[in-house]
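**Q** Compact mmCIF, C-alpha atoms, saved as my_file-v7.txt, coming up:
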# COMPACT_ATOMS: atom_id res chain seq x y z
CA MET A 15 -61.45 -29.36 11.91
CA LYS A 16 -63.31 -27.71 9.01
CA MET A 17 -63.86 -24.62 11.15
CA ILE A 18 -60.12 -24.37 11.83
CA GLN A 19 -59.35 -24.78 8.12
CA LYS A 20 -61.82 -21.99 7.27
CA MET A 21 -60.27 -19.71 9.88
CA LEU A 22 -56.76 -20.39 8.56
CA ALA A 23 -57.90 -19.73 5.01
CA PHE A 24 -59.49 -16.45 6.10
CA VAL A 25 -56.30 -15.38 7.90
CA GLY A 26 -54.27 -16.31 4.85
CA LEU A 27 -56.55 -14.25 2.60
CA LEU A 28 -56.22 -11.23 4.89
CA SER A 29 -52.44 -11.62 4.85
CA LEU A 30 -52.34 -11.72 1.06
CA CYS A 31 -54.54 -8.63 0.84
CA PHE A 32 -52.26 -6.82 3.26
CA LEU A 33 -49.11 -7.82 1.37
CA PHE A 34 -50.65 -6.81 -1.96
CA THR A 35 -51.68 -3.40 -0.59
CA TYR A 36 -48.23 -2.90 0.93
CA ALA A 37 -46.52 -3.92 -2.29
CA LEU A 38 -48.56 -1.40 -4.25
CA GLN A 39 -47.62 1.34 -1.81
CA ASP A 40 -43.94 0.34 -1.89
CA ALA A 41 -43.67 -0.39 -5.62
CA PRO A 42 -40.49 0.95 -7.23
CA THR A 43 -42.02 3.95 -8.92
CA ASP A 44 -39.62 6.64 -10.10
CA GLU A 45 -40.50 8.70 -7.05
CA ASN A 46 -40.01 6.25 -4.19
CA PHE A 47 -37.26 4.32 -6.01
CA GLU A 48 -34.98 7.36 -5.75
CA LYS A 49 -35.92 7.80 -2.11
CA LYS A 50 -35.16 4.22 -1.11
CA ILE A 51 -31.92 3.61 -3.00
CA ILE A 52 -28.89 4.14 -0.77
CA ASN A 53 -26.13 2.77 -2.95
CA ASP A 54 -26.09 1.99 -6.64
CA TYR A 55 -23.49 -0.78 -6.64
CA ASN A 56 -22.60 -2.59 -9.83
CA VAL A 57 -19.72 -4.85 -10.78
CA TYR A 58 -18.17 -4.35 -14.18
CA ALA A 59 -15.46 -6.06 -16.17
CA VAL A 60 -12.28 -4.00 -16.14
CA GLN A 61 -10.81 -3.02 -19.48
CA VAL A 62 -7.06 -3.62 -19.64
CA PRO A 63 -5.39 -0.59 -21.28
CA ASP A 64 -3.41 -1.32 -24.44
CA ASP A 65 -0.32 0.65 -23.46
CA LEU A 66 0.65 -0.48 -19.97
CA ASN A 67 4.31 -0.34 -19.05
CA PHE A 68 6.62 -0.53 -16.09
CA ALA A 69 9.42 2.03 -15.90
CA GLY A 70 9.01 2.68 -19.61
CA GLU A 71 9.29 -1.02 -20.50
CA ALA A 72 6.17 -2.10 -22.39
CA MET A 73 4.05 -4.98 -21.16
CA PRO A 74 3.47 -7.51 -24.00
CA LEU A 75 -0.32 -7.59 -23.74
CA THR A 76 -0.73 -9.28 -27.12
CA SER A 77 0.14 -12.52 -25.31
CA PRO A 78 -3.07 -14.12 -23.91
CA ASP A 79 -1.19 -15.24 -20.81
CA ILE A 80 0.08 -11.73 -20.05
CA LEU A 81 -3.33 -10.18 -20.72
CA GLU A 82 -5.11 -12.56 -18.35
CA ARG A 83 -2.55 -12.07 -15.58
CA MET A 84 -2.83 -8.30 -15.90
CA ASP A 85 -6.62 -8.50 -15.96
CA ARG A 86 -6.55 -10.48 -12.73
CA GLU A 87 -4.54 -7.87 -10.84
CA LEU A 88 -6.64 -4.99 -12.11
CA LEU A 89 -9.83 -6.78 -11.05
CA VAL A 90 -8.52 -7.78 -7.63
CA ASN A 91 -7.25 -4.31 -6.81
CA THR A 92 -10.18 -2.41 -8.32
CA TYR A 93 -12.74 -4.32 -6.29
CA TRP A 94 -10.75 -4.40 -3.06
CA GLN A 95 -12.17 -0.96 -2.46
CA SER A 96 -11.29 -0.42 1.19
CA ASN A 97 -7.65 -1.27 0.58
CA GLY A 98 -7.63 0.88 -2.55
CA LEU A 99 -8.87 3.94 -0.70
CA LEU A 100 -6.24 3.42 1.99
CA MET A 101 -3.55 3.33 -0.71
CA PHE A 102 -4.76 6.66 -2.11
CA LYS A 103 -4.75 8.16 1.38
CA ARG A 104 -1.28 6.90 2.30
CA ALA A 105 0.23 7.69 -1.09
CA LYS A 106 -0.58 11.37 -0.59
CA LYS A 107 1.36 11.23 2.68
CA TYR A 108 4.39 9.15 1.74
CA PHE A 109 5.00 9.55 -2.00
CA PRO A 110 6.36 13.11 -1.55
CA ILE A 111 9.09 11.60 0.65
CA ILE A 112 9.86 8.66 -1.65
CA GLU A 113 9.74 10.39 -5.05
CA PRO A 114 12.70 12.80 -4.68
CA ILE A 115 14.94 10.01 -3.36
CA LEU A 116 14.14 7.81 -6.35
CA GLU A 117 14.88 10.74 -8.64
CA ARG A 118 18.16 11.51 -6.90
CA TYR A 119 19.35 7.93 -7.40
CA GLY A 120 18.15 7.72 -10.99
CA VAL A 121 15.56 5.03 -10.20
CA PRO A 122 12.30 5.31 -12.21
CA ASP A 123 9.37 6.87 -10.40
CA ASP A 124 7.30 3.71 -10.98
CA PHE A 125 9.20 1.99 -8.19
CA LYS A 126 7.20 3.90 -5.61
CA TYR A 127 4.39 1.48 -6.45
CA LEU A 128 6.70 -1.39 -5.49
CA ALA A 129 6.63 -0.01 -1.95
CA VAL A 130 2.83 -0.01 -2.13
CA ILE A 131 2.59 -3.73 -2.88
CA GLU A 132 5.40 -4.62 -0.48
CA SER A 133 3.89 -3.08 2.64
CA GLY A 134 0.77 -1.09 1.84
CA LEU A 135 2.95 1.90 2.80
CA THR A 136 3.04 0.78 6.43
CA ASN A 137 5.85 -0.37 8.68
CA ALA A 138 4.94 -3.99 8.10
CA VAL A 139 6.74 -7.05 9.43
CA SER A 140 6.86 -10.15 7.23
CA PRO A 141 7.02 -13.77 8.44
CA ALA A 142 10.53 -13.93 6.95
CA GLY A 143 11.68 -10.96 9.04
CA ALA A 144 11.56 -8.17 6.45
CA ARG A 145 10.57 -4.85 7.96
CA GLY A 146 9.43 -1.35 7.11
CA VAL A 147 7.76 0.25 4.11
CA TRP A 148 10.36 -1.30 1.78
CA GLN A 149 10.37 -4.69 3.54
CA ILE A 150 14.14 -4.88 3.91
CA MET A 151 15.78 -7.98 5.35
CA LYS A 152 18.30 -7.57 8.16
CA ALA A 153 21.31 -8.71 6.10
CA THR A 154 20.42 -6.43 3.18
CA GLY A 155 19.99 -3.48 5.49
CA ARG A 156 23.30 -3.99 7.22
CA GLU A 157 25.12 -4.53 3.92
CA ASN A 158 23.85 -1.11 2.86
CA GLY A 159 24.82 0.75 6.01
CA LEU A 160 21.65 0.62 8.10
CA GLU A 161 21.93 0.28 11.86
CA ILE A 162 19.81 -2.67 12.95
CA ASN A 163 19.65 -3.86 16.54
CA THR A 164 17.15 -4.00 19.40
CA ASN A 165 17.71 -0.32 20.20
CA VAL A 166 17.69 1.20 16.71
CA ASP A 167 16.33 -0.30 13.48
CA GLU A 168 16.75 2.02 10.52
CA ARG A 169 14.67 -0.20 8.25
CA TYR A 170 11.82 1.79 9.81
CA HIS A 171 13.44 5.08 8.76
CA LEU A 172 11.62 5.83 5.51
CA GLU A 173 14.26 8.04 3.91
CA LYS A 174 17.17 5.73 4.75
CA ALA A 175 15.22 2.61 3.77
CA THR A 176 14.29 4.18 0.43
CA GLU A 177 17.97 4.84 -0.24
CA VAL A 178 18.78 1.18 0.46
CA ALA A 179 16.00 0.08 -1.90
CA CYS A 180 17.44 2.35 -4.60
CA LYS A 181 20.93 0.89 -4.19
CA TYR A 182 19.57 -2.64 -4.43
CA LEU A 183 17.50 -1.87 -7.52
CA LEU A 184 20.40 -0.18 -9.29
CA ARG A 185 22.60 -3.22 -8.73
CA ALA A 186 19.82 -5.52 -9.92
CA LYS A 187 19.28 -3.44 -13.06
CA ASN A 188 23.01 -3.51 -13.79
CA ARG A 189 23.16 -7.28 -13.36
CA LEU A 190 19.89 -8.33 -15.03
CA GLY A 191 19.55 -5.69 -17.73
CA SER A 192 16.04 -4.32 -17.27
CA TRP A 193 14.00 -2.48 -14.68
CA THR A 194 11.27 -5.12 -14.88
CA LEU A 195 13.72 -7.87 -13.95
CA ALA A 196 15.16 -5.61 -11.23
CA ALA A 197 11.67 -5.32 -9.75
CA ALA A 198 11.26 -9.11 -9.82
CA ALA A 199 14.66 -9.45 -8.16
CA TYR A 200 13.48 -7.26 -5.31
CA ASN A 201 11.06 -10.08 -4.52
CA ALA A 202 13.02 -13.18 -5.51
CA GLY A 203 16.63 -11.99 -5.21
CA ASN A 204 19.20 -11.24 -7.89
CA ALA A 205 20.62 -14.74 -7.84
CA GLY A 206 17.17 -16.32 -7.96
CA VAL A 207 16.04 -14.37 -11.02
CA ALA A 208 19.40 -14.86 -12.78
CA ARG A 209 19.18 -18.60 -12.20
CA ARG A 210 15.64 -18.79 -13.62
CA LEU A 211 16.67 -16.85 -16.71
CA LYS A 212 19.54 -19.25 -17.34
CA GLU A 213 17.55 -22.40 -16.61
CA GLN A 214 14.69 -21.42 -18.88
CA GLY A 215 16.70 -19.71 -21.60
CA ALA A 216 14.56 -16.61 -21.16
CA LYS A 217 15.49 -12.97 -21.59
CA THR A 218 12.58 -11.09 -19.99
CA TYR A 219 10.40 -11.34 -16.89
CA TYR A 220 7.36 -12.00 -19.06
CA ASP A 221 9.00 -15.10 -20.59
CA LEU A 222 9.73 -16.70 -17.24
CA LEU A 223 7.70 -19.38 -15.50
CA LEU A 224 7.82 -18.32 -11.87
CA GLY A 225 6.20 -19.16 -8.56
CA GLU A 226 2.92 -17.52 -7.54
CA GLU A 227 4.34 -14.56 -5.64
CA THR A 228 7.10 -13.49 -8.04
CA GLY A 229 4.92 -14.38 -11.04
CA ARG A 230 2.31 -11.84 -9.90
CA TYR A 231 4.78 -9.28 -8.60
CA VAL A 232 5.27 -6.92 -11.55
CA PHE A 233 1.61 -7.25 -12.58
CA ARG A 234 0.56 -6.12 -9.11
CA ILE A 235 2.91 -3.13 -9.30
CA VAL A 236 1.53 -2.10 -12.69
CA ALA A 237 -2.07 -2.57 -11.50
CA LEU A 238 -1.50 -0.27 -8.52
CA LYS A 239 0.26 2.23 -10.75
CA GLU A 240 -2.68 2.26 -13.16
CA ILE A 241 -5.35 2.52 -10.46
CA LEU A 242 -3.59 5.12 -8.31
CA SER A 243 -2.89 7.20 -11.43
CA HIS A 244 -6.54 7.12 -12.60
CA PRO A 245 -8.91 7.02 -9.61
CA ASP A 246 -12.00 8.20 -11.53
CA LYS A 247 -11.51 5.55 -14.19
CA TYR A 248 -11.65 2.79 -11.58
CA GLY A 249 -14.50 4.20 -9.52
CA PHE A 250 -12.62 5.67 -6.56
CA ASN A 251 -14.21 8.85 -5.27
CA PHE A 252 -12.61 11.09 -2.68
CA ARG A 253 -11.74 14.69 -1.97
CA ASP A 254 -8.24 15.98 -1.40
CA LYS A 255 -9.13 16.63 2.24
CA ASP A 256 -9.94 12.91 2.64
CA LEU A 257 -6.29 12.00 2.04
CA TYR A 258 -3.56 11.80 4.66
CA THR A 259 -0.83 14.44 4.75
CA GLN A 260 2.58 14.77 6.31
CA ILE A 261 2.71 16.70 9.56
CA PRO A 262 5.47 19.34 9.45
CA THR A 263 8.42 18.56 11.68
CA TYR A 264 11.70 20.05 12.74
CA LYS A 265 14.92 18.13 13.38
CA VAL A 266 16.67 17.68 16.70
CA GLU A 267 20.24 16.36 16.59
CA VAL A 268 21.36 13.97 19.32
CA ASN A 269 24.95 12.74 19.69
CA SER A 270 24.74 11.19 23.14
CA ALA A 271 22.61 8.67 24.96
CA VAL A 272 18.99 9.46 25.82
CA SER A 273 17.99 7.73 29.03
CA ASP A 274 14.27 8.45 28.92
CA PHE A 275 12.33 9.23 25.75
CA THR A 276 9.21 10.10 27.74
CA ALA A 277 11.06 12.99 29.37
CA PHE A 278 12.72 13.84 26.05
CA ALA A 279 9.31 14.05 24.37
CA GLU A 280 7.82 16.20 27.12
CA LYS A 281 10.77 18.56 26.84
CA HIS A 282 9.80 19.12 23.19
CA GLY A 283 6.09 19.59 23.85
CA ILE A 284 4.83 16.16 22.78
CA ASN A 285 4.25 12.79 24.40
CA TYR A 286 6.05 9.45 24.04
CA LYS A 287 3.52 8.05 21.56
CA VAL A 288 3.86 10.99 19.17
CA LEU A 289 7.65 10.82 19.37
CA LYS A 290 7.58 7.15 18.36
CA LEU A 291 5.02 7.74 15.59
CA HIS A 292 7.42 10.17 13.92
CA ASN A 293 10.54 8.13 14.66
CA PRO A 294 9.57 4.46 14.40
CA TRP A 295 13.24 3.49 13.96
CA LEU A 296 13.73 4.18 17.69
CA ARG A 297 12.79 0.75 19.05
CA GLU A 298 13.17 1.18 22.81
CA PRO A 299 12.23 3.80 25.44
CA HIS A 300 15.84 4.97 25.48
CA LEU A 301 18.81 5.46 23.15
CA ASN A 302 22.05 3.70 24.06
CA ASN A 303 24.42 5.52 21.67
CA LYS A 304 27.66 4.38 23.29
CA SER A 305 29.64 5.54 20.25
CA ASN A 306 28.23 9.09 20.36
CA LYS A 307 26.80 8.72 16.86
CA LEU A 308 24.82 11.65 15.48
CA TYR A 309 21.12 10.87 15.20
CA VAL A 310 18.41 13.16 13.84
CA ILE A 311 15.04 12.95 15.57
CA GLU A 312 11.91 14.39 13.98
CA ILE A 313 9.68 16.50 16.22
CA PRO A 314 6.25 17.65 14.97
CA LYS A 315 5.76 21.39 14.93
CA GLU A 316 3.60 22.93 17.61
CA GLY A 317 -0.16 22.77 17.38
CA TYR A 318 -0.69 19.53 15.47
CA TYR A 319 -1.31 17.26 18.46
CA ASN A 320 -2.79 19.78 20.88
Hey, can you dump this file as structure tokens for me?
**A**
Amino acid sequence: MKMIQKMLAFVGLLSLCFLFTYALQDAPTDENFEKKIINDYNVYAVQVPDDLNFAGEAMPLTSPDILERMDRELLVNTYWQSNGLLMFKRAKKYFPIIEPILERYGVPDDFKYLAVIESGLTNAVSPAGARGVWQIMKATGRENGLEINTNVDERYHLEKATEVACKYLLRAKNRLGSWTLAAAAYNAGNAGVARRLKEQGAKTYYDLLLGEETGRYVFRIVALKEILSHPDKYGFNFRDKDLYTQIPTYKVEVNSAVSDFTAFAEKHGINYKVLKLHNPWLREPHLNNKSNKLYVIEIPKEGYYN
């Protein structure tokens, strides 16, 4: 037994000597420290800027409640890095389509960030049935002239959906009196926000006690606006070539039925998948078009998918 104990002690001593020698060789000297570090990752508190606003309407950051809620959204979105980088990439692709439509309707440019928080600039589908980049409900879409059925769903048509969003926001602004309340109404409905204002005797979004989703809504928009406007400030590093861009297209007008979109795509030098990527509002492999309505189909220019 004593012999075994001595052997174990000897093995232990050899192990310690080995570990000590290895530690000396691998010690974090200036030289090998720089060689071994792959990522220098640190987490910092985010400083909330003093002059945040939405659509020119100042955020009352002197209120502790407002400051903490804004701080939360800046922290969450700053340190959700993968999602943040995707937003930068997609914004480069889709903002140039959204921005001129907002301008044409007289809707502040800040509302493009509403689309970011609604869908992540994707053709998302919500549990409630809202669809597209602007997350438009079926009834709202139809009320504003969109065609929505199993064959065609124009909520997936970015330009047309952006126009519907503009019309809704303009009506909300006219009814509720501010762009901030109009943004909240996009989430909770005009009637819902108007009712809360009356019930609580409040005049602004920031004075309202709201549910979790609507209560965070404007803060999330402003956080994305701040981060996407100042990538370096929030630690996002990328090159312009890392961002997504629009693929140039030309328009093909169709005023009759299309029986087979696979053949239609091949006729224009692309495949079915590419046709649907550029025209997600076409929901089936064919177009019924019994009324001979004029549709405009986007076809990518030659050379981008070859």
**Q** I need the residue nearest Asp167 (chain A) from this list: A:Asn293, A:Thr276, A:Thr228, A:Gln214. Use all atoms listed in the file for the distance.
**A**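 Looking only at the distances to Asp167 (chain A), the closest residue turns out to be A:Asn293.
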**Q** Please, what is the axis-aligned box for every listed atom of region 56-75 of chain A with 4 Å on each side, as centre and edge lengths in Å to one decimal, as lines of an AutoDock Vina configuration file?
**A**
center_x = -6.6
center_y = -2.5
center_z = -17.1
size_x = 40.0
size_y = 18.3
size_z = 22.6
**Q** For a quick check of understanding, using all atoms listed in the file, which of A:Pro114, A:Gly134, A:Pro63, A:Gly317 has the smallest distance to Met84 (chain A)?
**A**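 Looking at the shortest contact to Met84 (chain A), the residue is A:Pro63.
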**Q** Quick one: pull the distance between CA of Leu308 (chain A) and CA of Glu267 (chain A), Å, one decimal.
**A**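 Distance between the two atoms: 6.7 Å.
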**Q** Quick check, in Å to one decimal: how far apart do CA of Ala69 (chain A) and CA of Trp193 (chain A) lie?
**A** 6.5 Å
**Q** Could you tell me which of A:Arg253, A:Phe68, A:Val147, A:Lys287 comes closest to Ile235 (chain A) if we count all atoms listed in the file?
**A**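 Distance minimum relative to Ile235 (chain A) lands on A:Phe68.
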**Q** Please determine, counting only C-alpha atoms, which residue among A:Glu132, A:Gln260, A:Gly206, A:Ile162 has the shortest atom-to-atom distance to Phe109 (chain A).
**A**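 When distances to Phe109 (chain A) are compared using only C-alpha atoms, the smallest one comes from A:Gln260.
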**Q** Go through A:Pro245, A:Gly283, A:Gly191, A:Pro314 one by one, measure the shortest atom-to-atom distance of each to Lys103 (chain A) using only C-alpha atoms, and give the residue with the smallest value.
**A**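 Going through A:Pro245, A:Gly283, A:Gly191, A:Pro314 one by one, the smallest distance to Lys103 (chain A) is for A:Pro245.
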**Q** What does the distance between CA of Ala175 (chain A) and CA of Leu291 (chain A) come to in Å, to one decimal place?
**A**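 Those two atoms sit 16.4 Å apart.
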**Q** Between A:Arg230, A:Lys281, A:Arg145, A:Lys304, which residue has the minimum interatomic distance to Arg86 (chain A), considering only C-alpha atoms?
**A** A:Arg230
**Q** In the coordinate frame of the file, compute which residues have an atom within 12 Å of (-8.5, 0.2, -11.9) when using all atoms listed in the file, and state them as an MDAnalysis selection string.
**A** chainID A and resid 58:63 84:95 98:99 234 236:250
**Q** Could you check which residues have any atom within 12 Å of (14.6, -8.3, 3.1), counting only C-alpha atoms with coordinates taken straight from the file, and then list them as JSON, numbers by chain?
**A** {"A": [132, 133, 138, 139, 140, 141, 142, 143, 144, 145, 146, 147, 148, 149, 150, 151, 152, 153, 154, 155, 156, 157, 158, 169, 175, 178, 179, 182, 199, 200, 201, 202, 203]}
